[in-house]
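Step one of this worksheet: look at the structure below.
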Amino acid sequence: MSYINVRGVEHYYEWVKKPSGCLVKPVMVFIHGWAGSARYWRSTANALLDQFDCLLYDMRGFGRSCGKPTIVQASESVVESQSLQAESEAIRELTYELEEYAEDLAALLDKLEIQRVYINAHSTGASIATLFFNRYPQRVERGILTCSGIFEYDEKAFAAFHQFGGYVVKFRPKWLGKIPFVDRMFMARFLHNSIPNSERQAFLQDFLEADYDAAIGTIFTSVSKAQAEVMPQEFAKLTVPTLLIAGEYDKIIPAEMGRKAAALSDKVEFAMIPNTAHFPMLEDAPTYLRRVQEFLQINTPQPQVG
């Protein structure tokens, strides 16, 4: 297990790749959705190993990145002390705005000395990726947004969602994961087709272990009046070639929301995977991967010169 300090928080990350001799492969970064982790991207990453070195990581407050910010102790050096103090103040000011998560990704790539990537992001992670595309277009070759879209602000509906979401996040006893078939009930709203039992259990475990502040904070920042106003603008100004994939029966982010988002920019291509819901990459992996491969049009890796 590998961890790296990103903006004062220990982030879990892992490489999924296979030896390629002198061949240089591009990097694809995978971003998970709300209360999830990089775990559910492994099968997709494994299917792309011939073309990519795949970087998976758990976002701040989720999965294995649930540790609290690490405040570094001051050094005896005055210059170092001032620098570390400034960093500590910045850590304390971190919020759960999606823009901050986009900056987390930028900092992670900097730490790993990766300049340019492909990105495949899901659900809330896809909103974060869209913000990243527009902030750092020079760092993205192509992007895939899985189950993303735009929505209209509805004060009553949003208030009800926040109230219900707050209750769900607050009531998460660890013993819940030991009750038979709870994983099936938990995932029922997210799926149209079945997925492996191990995947369902991992989803439930990630949800139960997500940091409370991060889980509740991102509920309020991802489903908000501000995001309803900002995301259409973000989609409209995309310059990165992007594929937006929707699940036909997605109840979380209906396919029509994705279609409307894609229509805002000629840089966005829309694709709907039939008979799937919020996890098309797991519910119908062959169709999902075929559509991704068609969009990517990756050339065969070339031998490294020098």
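We label chains A, B, ... in the order they appear in the structure tokens, count residues from 1 in each chain, and number ligands from 1 in the order shown.
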
(message) I want to know what sits within 12 Å of Phe158 (chain A), based on only C-alpha atoms, with residues of the same chain fewer than 3 positions away left out; could you give that as a list in words?
(response) Phe151, Glu152, Tyr153, Asp154, Glu155, Phe161, His162, Gln163, Phe164, Gly165, Gly166, Ile219, Phe220, Thr221, Ser222, Val223, Ser224, Lys225, Ala226, Gln227 and Ala228 of chain A

For the selection you just gave me, I'd like the residues written to a file as a compact mmCIF listing (two decimals), in the first residue's frame, keeping C-alpha atoms.
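Everything below was put into selection-v5.txt:
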```txt
# COMPACT_ATOMS: atom_id res chain seq x y z
CA PHE A 151 -29.16 19.59 -13.12
CA GLU A 152 -31.51 22.45 -12.37
CA TYR A 153 -31.73 23.96 -8.91
CA ASP A 154 -34.81 22.95 -6.93
CA GLU A 155 -34.78 24.43 -3.43
CA PHE A 161 -31.87 15.52 -0.33
CA HIS A 162 -29.52 17.19 2.12
CA GLN A 163 -31.68 16.22 5.08
CA PHE A 164 -31.92 12.61 3.98
CA GLY A 165 -28.22 12.48 3.04
CA GLY A 166 -27.26 13.86 6.42
CA ILE A 219 -23.12 16.14 -0.27
CA PHE A 220 -23.68 19.85 0.30
CA THR A 221 -21.08 21.03 -2.22
CA SER A 222 -21.88 18.64 -5.09
CA VAL A 223 -25.67 19.05 -4.93
CA SER A 224 -26.12 22.76 -4.47
CA LYS A 225 -27.39 25.92 -6.09
CA ALA A 226 -23.79 26.94 -6.80
CA GLN A 227 -23.02 23.70 -8.64
CA ALA A 228 -26.29 23.90 -10.58
```

(request) Skip Ala35 (chain A) itself and residues of its chain fewer than 2 positions away, then list as a VMD selection string all residues within 8 Å of it, counting only C-alpha atoms. (result) chain A and resid 33 37 62 to 63 206 to 207 210 215

(message) When you look at Arg64 (chain A) with a cut-off of 9 Å (counting only C-alpha atoms), what residues show up, excluding the ones that are within fewer than 4 positions of it in the same chain? I need them as a list in words.
(response) Glu10, His11, Tyr12, Tyr13, Ser37, Tyr57, Asp58, Met59, Arg60, Asp206, Glu209 and Ala210 of chain A

Contact table region 190-228 of chain A vs region 236-260 of chain A, cut-off 8 Å, shortest pair per residue, only C-alpha atoms, as JSON lines:
```
{"residue": "A:Phe190", "atom": "CA", "partner": "A:Lys251", "partner_atom": "CA", "distance": 7.0}
{"residue": "A:Leu191", "atom": "CA", "partner": "A:Asp250", "partner_atom": "CA", "distance": 7.5}
{"residue": "A:His192", "atom": "CA", "partner": "A:Tyr249", "partner_atom": "CA", "distance": 6.7}
```

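Here CA of Lys174 (chain A) is placed at a distance of 27.0 Å from CA of Ile4 (chain A).
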